[in-house]
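Asker: So that we are looking at the same thing, I have put the structure below in structure tokens.
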Amino acid sequence: MRLDHYRACTWREKRQVLDLFWRRGRAAPPTMVAAAYEYGWWAVASLTVIAVELALVVGVLAMRASSWGWWVGAAEAANALALVWAMRRLRDVEAVAAPAEPGSLTRAG
């Protein structure tokens with residue numbers, strides 16, 4: 001997925017895109033929705049990679065019986081919640097974007 005719409009935004013518009021993606025109930029122009037949709041796929045991918053890395057660290061720390069495992073486990077739980085929220089918001093943004101511009105949204109870029 002390319003970030004063409006997102007990269008074309010100004011700094012202020014990028015803040016609005018992030019606000020649109022991470023919060024509910026925001027109305028926005030179709031270009032902002034398209035940028036939020038593009039950003040959403042990158043957010044989900046990044047959080048997934050972080051979740052896998054933290055799971056590996058938790059596993060290693062658990063094998064070593066380290067007390068740091070609890071802290072990393074808490075970070076893993078927080079990341080999992082963020083990942084679930086990002087996936088939910090991506091689905092919501094996709095539902096808003098699909099009727100507005102049916103041919104403009106693609107998953108692979």
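Labeling convention for the structure tokens: chains A, B, ... as they appear, residues from 1 per chain, ligands from 1 in order of appearance.
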Got a sec: who's within 7 Å of range 90-92 of chain A, counting only C-alpha atoms, leaving out chain neighbours fewer than 4 positions off, as a PyMOL selection string?
Answerer: chain A and resi 37+40+86+96
Asker: Please, could you write that set of residues out with N, CA and C atoms as a PDB file, in the first residue's frame?
Answerer:
ATOM      1  N   TYR A  37      -7.151   5.806   5.357  1.00  0.00           N
ATOM      2  CA  TYR A  37      -7.181   4.399   4.958  1.00  0.00           C
ATOM      3  C   TYR A  37      -5.778   3.895   4.648  1.00  0.00           C
ATOM      4  N   GLY A  40      -3.818   3.642   7.818  1.00  0.00           N
ATOM      5  CA  GLY A  40      -4.294   2.537   8.651  1.00  0.00           C
ATOM      6  C   GLY A  40      -3.597   1.228   8.368  1.00  0.00           C
ATOM      7  N   ALA A  86      -6.585  -0.454  16.127  1.00  0.00           N
ATOM      8  CA  ALA A  86      -6.209  -0.046  14.772  1.00  0.00           C
ATOM      9  C   ALA A  86      -6.941  -0.885  13.734  1.00  0.00           C
ATOM     10  N   VAL A  96     -16.456   3.697   5.628  1.00  0.00           N
ATOM     11  CA  VAL A  96     -16.811   5.074   5.278  1.00  0.00           C
ATOM     12  C   VAL A  96     -16.277   5.416   3.895  1.00  0.00           C
TER      13      VAL A  96
END
Asker: Do you know which residues are at most 7 Å from range 42-57 of chain A counting only C-alpha atoms, after dropping those on the same chain fewer than 4 positions away, and could you put them as a list in words?
Answerer: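 The filter keeps Glu38, Leu61, Val72, Glu76, Asn79, Ala80, Leu83, Ala86 and Met87 of chain A.
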Asker: Have a look at CA of Arg2 in chain A and CA of Ala34 in chain A and let me know their distance in Å, one decimal.
Answerer: 11.2 Å
Asker: In terms of the shortest atom-to-atom distance over only C-alpha atoms, which of A:Tyr6, A:Trp70, A:Trp11, A:Trp85 is closest to Ala36 in chain A?
Answerer: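 Looking only at the distances to Ala36 in chain A, the closest residue turns out to be A:Tyr6.
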Asker: Rank nothing, just name the residue among A:Pro30, A:Asp4, A:Asp19, A:Trp41 nearest to Arg88 in chain A, using only C-alpha atoms.
Answerer: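 Residue with the minimum atom-to-atom distance to Arg88 in chain A: A:Trp41.
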Asker: Mind pulling up the distance from CA of Glu94 in chain A to CA of Leu81 in chain A?
Answerer: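 Between these atoms lies a distance of 19.8 Å.
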Asker: Given the choices A:Val17, A:Ala27, A:Val60, A:Ala82, which gets closest to Tyr39 in chain A if the distance is worked out from only C-alpha atoms?
Answerer: A:Val17
Asker: Would you please extract all helix (DSSP H, G or I) residues from range 2-48 of chain A, as assigned by DSSP on the backbone, and give them as an MDAnalysis selection string?
Answerer: chainID A and resid 4:8 11:22 30:48
Asker: If I take CA of Thr31 in chain A and CA of Arg89 in chain A, how far is one from the other in Å, to one decimal?
Answerer: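 Interatomic distance here is 16.9 Å.
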